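Engineer: upload.txt is reproduced in full below (compact mmCIF, C-alpha atoms).
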```
# COMPACT_ATOMS: atom_id res chain seq x y z
CA ASP A 1 114.27 35.36 225.55
CA GLN A 2 116.60 38.33 225.06
CA GLN A 3 116.01 39.86 221.66
CA VAL A 4 118.75 42.47 222.07
CA LYS A 5 122.05 41.30 223.46
CA GLN A 6 125.14 43.14 224.57
CA ASN A 7 127.55 40.35 225.27
CA SER A 8 130.35 42.44 226.77
CA PRO A 9 129.44 43.54 230.30
CA SER A 10 132.36 45.96 230.39
CA LEU A 11 135.04 47.57 228.26
CA SER A 12 138.13 49.52 229.27
CA VAL A 13 139.83 51.90 226.82
CA GLN A 14 142.66 54.39 227.01
CA GLU A 15 141.80 58.05 226.53
CA GLY A 16 142.19 59.10 222.90
CA ARG A 17 141.73 55.58 221.51
CA ILE A 18 138.64 54.12 219.85
CA SER A 19 135.86 52.52 221.88
CA ILE A 20 133.78 49.90 220.08
CA LEU A 21 130.59 48.71 221.73
CA ASN A 22 128.72 45.82 220.17
CA CYS A 23 125.09 44.75 220.06
CA ASP A 24 123.34 41.75 218.50
CA TYR A 25 119.64 41.26 217.89
CA THR A 26 117.52 38.30 216.94
CA ASN A 27 114.32 39.86 215.61
CA SER A 28 114.66 40.64 211.90
CA MET A 29 111.56 42.85 212.07
CA PHE A 30 113.31 45.50 214.16
CA ASP A 31 113.66 48.57 211.94
CA TYR A 32 115.17 51.24 214.16
CA PHE A 33 118.10 51.07 216.54
CA LEU A 34 119.29 53.50 219.18
CA TRP A 35 122.16 53.92 221.60
CA TYR A 36 121.69 55.46 225.02
CA LYS A 37 124.27 56.48 227.60
CA LYS A 38 123.54 56.29 231.30
CA TYR A 39 125.43 57.78 234.22
CA PRO A 40 124.81 56.45 237.75
CA ALA A 41 121.60 57.74 239.36
CA GLU A 42 120.45 59.34 236.10
CA GLY A 43 118.10 58.29 233.34
CA PRO A 44 119.37 57.13 229.94
CA THR A 45 120.38 59.89 227.53
CA PHE A 46 119.85 59.46 223.80
CA LEU A 47 123.12 59.36 221.83
CA ILE A 48 122.58 58.28 218.24
CA SER A 49 120.22 56.19 216.15
CA ILE A 50 120.05 54.40 212.83
CA SER A 51 117.25 53.22 210.59
CA SER A 52 117.37 49.76 209.10
CA ILE A 53 117.55 51.27 205.62
CA LYS A 54 121.01 52.65 206.41
CA ASP A 55 124.26 50.98 207.35
CA LYS A 56 126.04 53.92 208.96
CA ASN A 57 125.18 57.07 210.85
CA GLU A 58 127.69 59.54 212.19
CA ASP A 59 127.37 62.35 214.73
CA GLY A 60 130.59 63.98 215.84
CA ARG A 61 132.71 61.45 217.73
CA PHE A 62 129.95 58.84 217.58
CA THR A 63 129.30 56.49 214.65
CA VAL A 64 126.83 53.63 214.57
CA PHE A 65 127.23 50.80 212.07
CA LEU A 66 124.45 48.38 211.19
CA ASN A 67 124.98 44.97 209.58
CA LYS A 68 121.49 43.64 208.90
CA SER A 69 122.58 40.30 207.50
CA ALA A 70 124.50 39.60 210.71
CA LYS A 71 121.86 41.27 212.90
CA HIS A 72 124.66 43.25 214.49
CA LEU A 73 125.30 46.87 215.26
CA SER A 74 128.19 48.67 216.83
CA LEU A 75 128.89 52.07 218.32
CA HIS A 76 132.29 53.62 217.69
CA ILE A 77 133.53 56.49 219.84
CA VAL A 78 136.60 58.28 218.50
CA PRO A 79 138.51 59.67 220.29
CA SER A 80 137.36 58.34 223.65
CA GLN A 81 137.29 60.78 226.54
CA PRO A 82 137.10 60.18 230.31
CA GLY A 83 133.64 61.79 230.33
CA ASP A 84 132.45 58.98 228.07
CA SER A 85 132.73 56.56 230.99
CA ALA A 86 129.16 55.35 231.53
CA VAL A 87 126.83 52.45 230.81
CA TYR A 88 125.84 52.20 227.15
CA PHE A 89 122.54 50.60 226.17
CA CYS A 90 121.60 49.39 222.74
CA ALA A 91 117.85 49.48 221.96
CA ALA A 92 115.64 48.42 219.07
CA SER A 93 112.08 49.06 217.97
CA GLY A 94 109.73 47.87 215.24
CA GLY A 95 108.00 44.69 214.25
CA GLU A 96 105.57 43.40 216.85
CA TYR A 97 107.13 45.77 219.37
CA GLY A 98 105.95 48.81 217.43
CA ASN A 99 107.39 51.98 218.96
CA LYS A 100 108.39 50.39 222.27
CA LEU A 101 112.10 50.12 222.91
CA VAL A 102 113.67 46.74 223.60
CA PHE A 103 116.95 47.21 225.44
CA GLY A 104 120.09 45.18 225.85
CA ALA A 105 121.60 44.70 229.30
CA GLY A 106 124.21 47.40 228.76
CA THR A 107 127.99 47.65 228.57
CA ILE A 108 130.02 49.57 231.14
CA LEU A 109 132.64 51.70 229.38
CA ARG A 110 135.62 52.95 231.35
CA VAL A 111 137.92 55.43 229.63
CA LYS A 112 141.24 55.70 231.44
CA SER A 113 143.21 58.94 231.36
CA ASP B 1 111.76 73.28 229.00
CA THR B 2 113.64 71.25 231.57
CA GLY B 3 113.12 67.83 230.05
CA VAL B 4 111.28 64.89 231.60
CA SER B 5 110.83 65.26 235.34
CA GLN B 6 110.14 62.44 237.80
CA ASP B 7 109.18 62.65 241.43
CA PRO B 8 110.29 61.39 243.87
CA ARG B 9 113.87 60.48 242.96
CA HIS B 10 114.04 57.91 245.73
CA LYS B 11 111.38 56.05 247.69
CA ILE B 12 111.87 53.56 250.49
CA THR B 13 108.72 51.78 251.58
CA LYS B 14 107.72 48.83 253.70
CA ARG B 15 106.39 45.73 252.05
CA GLY B 16 102.62 45.91 251.65
CA GLN B 17 102.45 49.69 251.39
CA ASN B 18 101.18 51.57 248.33
CA VAL B 19 103.41 53.98 246.44
CA THR B 20 102.74 56.48 243.68
CA PHE B 21 105.26 58.02 241.30
CA ARG B 22 104.78 61.03 239.08
CA CYS B 23 106.18 61.87 235.65
CA ASP B 24 106.01 65.22 233.90
CA PRO B 25 106.93 64.77 230.24
CA ILE B 26 108.30 67.37 227.85
CA SER B 27 105.31 69.58 227.20
CA GLU B 28 104.78 69.05 223.47
CA HIS B 29 105.36 65.29 223.62
CA ASN B 30 102.17 63.31 223.10
CA ARG B 31 103.53 59.84 223.91
CA LEU B 32 104.61 58.73 227.37
CA TYR B 33 106.19 55.45 228.42
CA TRP B 34 107.00 53.78 231.72
CA TYR B 35 109.94 51.39 231.95
CA ARG B 36 111.44 49.47 234.84
CA GLN B 37 115.13 48.75 235.25
CA THR B 38 116.67 46.28 237.67
CA LEU B 39 120.35 45.91 238.49
CA GLY B 40 122.41 44.60 235.60
CA GLN B 41 119.57 44.79 233.11
CA GLY B 42 118.36 47.27 230.56
CA PRO B 43 115.04 49.07 230.95
CA GLU B 44 111.94 46.93 230.34
CA PHE B 45 108.70 48.31 228.93
CA LEU B 46 105.75 48.56 231.33
CA THR B 47 103.08 50.71 229.71
CA TYR B 48 102.48 53.41 227.11
CA PHE B 49 100.13 56.36 226.68
CA GLN B 50 99.29 58.35 223.61
CA ASN B 51 97.82 61.58 224.97
CA GLU B 52 95.47 60.42 227.74
CA ALA B 53 94.81 56.95 226.32
CA GLN B 54 96.70 53.98 227.75
CA LEU B 55 97.33 51.97 224.60
CA GLU B 56 99.42 49.09 225.82
CA LYS B 57 100.46 47.30 229.00
CA SER B 58 103.21 44.74 229.36
CA ARG B 59 102.45 41.39 230.94
CA LEU B 60 105.12 42.46 233.45
CA LEU B 61 102.51 44.86 234.78
CA SER B 62 100.57 42.88 237.38
CA ASP B 63 97.17 43.89 238.70
CA ARG B 64 98.92 45.69 241.54
CA PHE B 65 100.23 48.26 239.08
CA SER B 66 98.10 51.01 237.62
CA ALA B 67 99.02 54.02 235.54
CA GLU B 68 97.10 57.09 234.52
CA ARG B 69 97.66 60.12 232.37
CA PRO B 70 94.74 62.46 232.97
CA LYS B 71 94.36 65.22 230.37
CA GLY B 72 97.33 63.85 228.46
CA SER B 73 99.87 65.75 230.53
CA PHE B 74 101.59 64.29 233.59
CA SER B 75 101.35 60.59 234.41
CA THR B 76 101.25 58.62 237.64
CA LEU B 77 102.28 55.04 238.29
CA GLU B 78 100.85 53.42 241.41
CA ILE B 79 101.98 50.16 242.94
CA GLN B 80 99.66 48.64 245.50
CA ARG B 81 100.75 46.18 248.20
CA THR B 82 104.40 46.51 247.29
CA GLU B 83 106.61 43.42 247.29
CA GLN B 84 110.39 43.18 247.56
CA GLY B 85 110.52 42.17 243.91
CA ASP B 86 109.15 45.59 242.99
CA SER B 87 112.45 47.18 244.03
CA ALA B 88 113.83 48.75 240.86
CA MET B 89 114.40 52.02 239.03
CA TYR B 90 111.17 53.23 237.42
CA LEU B 91 111.84 55.33 234.34
CA CYS B 92 109.49 57.59 232.43
CA ALA B 93 110.13 58.61 228.84
CA SER B 94 108.34 60.95 226.47
CA VAL B 95 108.30 61.06 222.68
CA MET B 96 107.11 63.67 220.24
CA GLY B 97 104.83 62.76 217.35
CA VAL B 98 106.00 59.79 215.30
CA SER B 99 109.61 59.99 216.42
CA THR B 100 111.28 56.92 217.88
CA GLU B 101 113.72 58.89 220.04
CA ALA B 102 112.56 58.69 223.62
CA PHE B 103 113.71 61.22 226.20
CA PHE B 104 114.02 59.75 229.68
CA GLY B 105 113.62 61.27 233.09
CA GLN B 106 116.09 60.66 235.90
CA GLY B 107 113.96 57.85 237.30
CA THR B 108 112.50 56.96 240.66
CA ARG B 109 114.46 54.38 242.61
CA LEU B 110 112.11 52.25 244.70
CA THR B 111 113.38 50.14 247.57
CA VAL B 112 110.90 47.84 249.29
CA VAL B 113 112.07 46.66 252.71
```
Here is the file; what I need is its structure written in the form of structure tokens.
Structural biologist:
Amino acid sequence: DQQVKQNSPSLSVQEGRISILNCDYTNSMFDYFLWYKKYPAEGPTFLISISSIKDKNEDGRFTVFLNKSAKHLSLHIVPSQPGDSAVYFCAASGGEYGNKLVFGAGTILRVKS
Amino acid sequence: DTGVSQDPRHKITKRGQNVTFRCDPISEHNRLYWYRQTLGQGPEFLTYFQNEAQLEKSRLLSDRFSAERPKGSFSTLEIQRTEQGDSAMYLCASVMGVSTEAFFGQGTRLTVV
């Protein structure tokens, strides 16, 4: 039973355009959400997070939006750069999971120059 | 501070052998997590330490797996009588205080042949 789902296995975007990565969750008790980026043969790197009491958090080119009623969050990258090409994981914590992270399966982002 | 360090980066072992991985967390981080990632999936929680106390273990962690964190510093994860299904990337993450933002190491890729 996947509680965090990233339904798009891959996404291809032109350099300079917006990348939108989506994530859905089923557990309404999750109260904190994070995005991680992972390059091949490296561990995940923290990108940005959002608490369930907010609906938007912005950090430079990265913005995360949270829609609690839809149990949906998205990561926007503007403008996209070739160095953004990586696997992006959505993760959630809270509820019965406490401070453990529950990850989605990831979305491969390719930014074409 | 060089971040979370894991050793070895790669390990190839024959089925039935025992293996041990090491994780050195960021020095002031009191919480340490082990996750396992298989191809096409996000990381899955294995176990968690707060200082030297192992507070939680996933049901994914069979009796062949054991983890320790003596003195609340580095941690080891041992797998006894390895099976081909144990082949995966083993990730260590550390967290400071009550934060939810986990910092991951580069992982140990285990291949059981």
Engineer: With the cut-off set at 12 Å and counting all atoms listed in the file, tabulate each residue of chain A with an atom at most that distance from an atom of chain B, showing the nearest atom pair and its distance in Å to one decimal, ordered by chain and increasing number, as a tab-separated table.
Structural biologist:
```
residue	atom	partner	partner_atom	distance
A:Gln2	CA	B:Gly42	CA	10.6
A:Gln3	CA	B:Gly42	CA	11.8
A:Val4	CA	B:Gly42	CA	9.8
A:Lys5	CA	B:Gly42	CA	10.0
A:Gln6	CA	B:Gly42	CA	9.9
A:Pro9	CA	B:Gly40	CA	8.9
A:Ser10	CA	B:Gly40	CA	11.3
A:Asp31	CA	B:Thr100	CA	10.5
A:Tyr32	CA	B:Thr100	CA	7.8
A:Phe33	CA	B:Thr100	CA	9.1
A:Leu34	CA	B:Glu101	CA	7.8
A:Trp35	CA	B:Glu101	CA	9.9
A:Tyr36	CA	B:Ala102	CA	9.8
A:Lys37	CA	B:Phe104	CA	11.0
A:Lys38	CA	B:Gln106	CA	9.8
A:Tyr39	CA	B:Gln106	CA	9.9
A:Pro40	CA	B:Gln106	CA	9.9
A:Ala41	CA	B:Gln106	CA	7.1
A:Glu42	CA	B:Gln106	CA	4.6
A:Gly43	CA	B:Gln106	CA	4.0
A:Pro44	CA	B:Phe104	CA	6.0
A:Thr45	CA	B:Phe104	CA	6.7
A:Phe46	CA	B:Phe103	CA	6.8
A:Leu47	CA	B:Glu101	CA	9.6
A:Ile48	CA	B:Glu101	CA	9.1
A:Ser49	CA	B:Glu101	CA	8.0
A:Ile50	CA	B:Thr100	CA	10.4
A:Ser51	CA	B:Thr100	CA	10.1
A:Val87	CA	B:Gly42	CA	9.9
A:Tyr88	CA	B:Gly42	CA	9.6
A:Phe89	CA	B:Gly42	CA	6.9
A:Cys90	CA	B:Gly42	CA	8.7
A:Ala91	CA	B:Gly42	CA	8.9
A:Ala92	CA	B:Thr100	CA	9.6
A:Ser93	CA	B:Thr100	CA	7.9
A:Gly94	CA	B:Thr100	CA	9.6
A:Tyr97	CA	B:Phe45	CA	10.0
A:Gly98	CA	B:Thr100	CA	9.7
A:Asn99	CA	B:Thr100	CA	6.4
A:Lys100	CA	B:Phe45	CA	7.0
A:Leu101	CA	B:Phe45	CA	7.1
A:Val102	CA	B:Glu44	CA	7.0
A:Phe103	CA	B:Gly42	CA	5.3
A:Gly104	CA	B:Gly42	CA	5.4
A:Ala105	CA	B:Gln41	CA	4.3
A:Gly106	CA	B:Gly42	CA	6.1
A:Thr107	CA	B:Gly40	CA	9.5
A:Ile108	CA	B:Gly40	CA	10.1
```
Engineer: From the options A:Arg110, A:Lys68, A:Lys54, A:Arg17, which residue's atoms come nearest to Pro82 in chain A, counting all atoms listed in the file?
Structural biologist: A:Arg110
Engineer: Would you compute the distance between CA of Gly72 in chain B and CA of Met96 in chain B? Give it in Å to one decimal.
Structural biologist: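 Interatomic distance here is 12.8 Å.
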Engineer: What residues have an atom no more than 9 Å from (98.2, 63.0, 233.4) in the file's own frame, counting all atoms listed in the file, and can you write them as a PDB file with C-alpha atoms, in the frame of the given file?
Structural biologist:
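Saved as out-v8.pdb:
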```
ATOM      1  CA  ARG B  22     104.780  61.030 239.080  1.00  0.00           C
ATOM      2  CA  CYS B  23     106.180  61.870 235.650  1.00  0.00           C
ATOM      3  CA  ASP B  24     106.010  65.220 233.900  1.00  0.00           C
ATOM      4  CA  ASN B  51      97.820  61.580 224.970  1.00  0.00           C
ATOM      5  CA  GLU B  52      95.470  60.420 227.740  1.00  0.00           C
ATOM      6  CA  GLU B  68      97.100  57.090 234.520  1.00  0.00           C
ATOM      7  CA  ARG B  69      97.660  60.120 232.370  1.00  0.00           C
ATOM      8  CA  PRO B  70      94.740  62.460 232.970  1.00  0.00           C
ATOM      9  CA  LYS B  71      94.360  65.220 230.370  1.00  0.00           C
ATOM     10  CA  GLY B  72      97.330  63.850 228.460  1.00  0.00           C
ATOM     11  CA  SER B  73      99.870  65.750 230.530  1.00  0.00           C
ATOM     12  CA  PHE B  74     101.590  64.290 233.590  1.00  0.00           C
ATOM     13  CA  SER B  75     101.350  60.590 234.410  1.00  0.00           C
ATOM     14  CA  THR B  76     101.250  58.620 237.640  1.00  0.00           C
TER      15      THR B  76
END
```
Engineer: Applying 7 Å and all atoms listed in the file, which residues near Thr111 in chain B remain after dropping the ones on its own chain fewer than 4 positions away? List them as a list in words.
Structural biologist: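 Near Thr111 in chain B, the qualifying residues are Lys11, Ile12, Thr13, Ser87 and Ala88 of chain B.
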Engineer: Which neighbours of Gly97 in chain B fall inside 9 Å, counting only C-alpha atoms, when residues of the same chain fewer than 6 positions from it are skipped, and could you give them as number ranges by chain?
Structural biologist: B: 28-31
Engineer: For CA of Pro8 in chain B and CA of Leu60 in chain B, determine how far apart the two atoms are, in Å to one decimal place.
Structural biologist: 22.2 Å
Engineer: Report, in Å with one decimal, the straight-line distance from CA of Phe21 in chain B to CA of Gln54 in chain B.
Structural biologist: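 Computing it gives 16.5 Å between the two atoms.
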Engineer: Output, as JSON, the centre and edge lengths in Å (one decimal) of the axis-aligned box that contains all listed atoms of range 79-95 of chain B with 6 Å of margin on each side.
Structural biologist:
```
{"center_x": 107.0, "center_y": 51.6, "center_z": 235.4, "size_x": 26.7, "size_y": 30.9, "size_z": 37.5}
```
Engineer: Generate all heavy atoms for range 48-59 of chain A and emit them as a tab-separated table (two decimals), keeping the file's coordinate frame.
Structural biologist:
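Now in out_3.tsv:
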```
chain	number	residue	atom	x	y	z
A	48	ILE	N	122.59	58.37	219.70
A	48	ILE	CA	122.58	58.28	218.24
A	48	ILE	C	121.67	57.14	217.84
A	48	ILE	O	121.46	56.20	218.62
A	48	ILE	CB	124.02	58.08	217.71
A	48	ILE	CG1	124.09	58.28	216.18
A	48	ILE	CG2	124.58	56.72	218.12
A	48	ILE	CD1	125.51	58.36	215.65
A	49	SER	N	121.11	57.23	216.63
A	49	SER	CA	120.22	56.19	216.15
A	49	SER	C	120.51	55.87	214.70
A	49	SER	O	121.24	56.60	214.01
A	49	SER	CB	118.76	56.63	216.31
A	49	SER	OG	118.51	57.78	215.53
A	50	ILE	N	119.91	54.77	214.24
A	50	ILE	CA	120.05	54.40	212.83
A	50	ILE	C	118.81	53.63	212.39
A	50	ILE	O	118.30	52.78	213.13
A	50	ILE	CB	121.35	53.58	212.60
A	50	ILE	CG1	121.59	53.35	211.11
A	50	ILE	CG2	121.30	52.23	213.34
A	50	ILE	CD1	122.99	52.85	210.79
A	51	SER	N	118.35	53.95	211.20
A	51	SER	CA	117.25	53.22	210.59
A	51	SER	C	117.79	51.99	209.88
A	51	SER	O	118.94	51.97	209.45
A	51	SER	CB	116.54	54.13	209.60
A	51	SER	OG	115.73	53.39	208.72
A	52	SER	N	116.93	51.00	209.74
A	52	SER	CA	117.37	49.76	209.10
A	52	SER	C	117.65	49.92	207.61
A	52	SER	O	118.23	49.03	206.99
A	52	SER	CB	116.33	48.65	209.31
A	52	SER	OG	115.11	49.03	208.72
A	53	ILE	N	117.27	51.06	207.04
A	53	ILE	CA	117.55	51.27	205.62
A	53	ILE	C	118.97	51.84	205.41
A	53	ILE	O	119.41	52.01	204.28
A	53	ILE	CB	116.52	52.20	204.95
A	53	ILE	CG1	116.54	53.60	205.59
A	53	ILE	CG2	115.14	51.58	205.04
A	53	ILE	CD1	115.65	54.59	204.84
A	54	LYS	N	119.65	52.13	206.50
A	54	LYS	CA	121.01	52.65	206.41
A	54	LYS	C	121.99	51.65	207.02
A	54	LYS	O	121.60	50.74	207.76
A	54	LYS	CB	121.12	53.98	207.16
A	54	LYS	CG	120.29	55.09	206.55
A	54	LYS	CD	120.57	56.39	207.26
A	54	LYS	CE	119.83	57.54	206.59
A	54	LYS	NZ	120.13	58.84	207.25
A	55	ASP	N	123.27	51.83	206.69
A	55	ASP	CA	124.26	50.98	207.35
A	55	ASP	C	125.26	51.77	208.19
A	55	ASP	O	126.10	51.19	208.87
A	55	ASP	CB	125.02	50.11	206.32
A	55	ASP	CG	125.64	50.93	205.21
A	55	ASP	OD1	125.81	52.14	205.41
A	55	ASP	OD2	125.94	50.36	204.14
A	56	LYS	N	125.12	53.09	208.17
A	56	LYS	CA	126.04	53.92	208.96
A	56	LYS	C	125.37	55.24	209.26
A	56	LYS	O	124.67	55.82	208.42
A	56	LYS	CB	127.33	54.14	208.16
A	56	LYS	CG	128.35	55.03	208.84
A	56	LYS	CD	129.57	55.23	207.93
A	56	LYS	CE	130.56	56.23	208.49
A	56	LYS	NZ	131.72	56.42	207.60
A	57	ASN	N	125.60	55.73	210.49
A	57	ASN	CA	125.18	57.07	210.85
A	57	ASN	C	126.23	57.68	211.77
A	57	ASN	O	126.71	57.01	212.70
A	57	ASN	CB	123.81	57.05	211.55
A	57	ASN	CG	123.26	58.46	211.75
A	57	ASN	OD1	123.59	59.38	211.00
A	57	ASN	ND2	122.42	58.62	212.76
A	58	GLU	N	126.58	58.92	211.47
A	58	GLU	CA	127.69	59.54	212.19
A	58	GLU	C	127.22	60.85	212.83
A	58	GLU	O	126.48	61.61	212.22
A	58	GLU	CB	128.82	59.83	211.18
A	58	GLU	CG	130.15	60.18	211.77
A	58	GLU	CD	131.24	60.23	210.70
A	58	GLU	OE1	130.96	59.83	209.54
A	58	GLU	OE2	132.34	60.66	211.01
A	59	ASP	N	127.68	61.10	214.05
A	59	ASP	CA	127.37	62.35	214.73
A	59	ASP	C	128.56	62.71	215.61
A	59	ASP	O	128.71	62.18	216.71
A	59	ASP	CB	126.11	62.20	215.57
A	59	ASP	CG	125.70	63.51	216.24
A	59	ASP	OD1	126.38	64.55	216.04
A	59	ASP	OD2	124.69	63.51	216.97
```
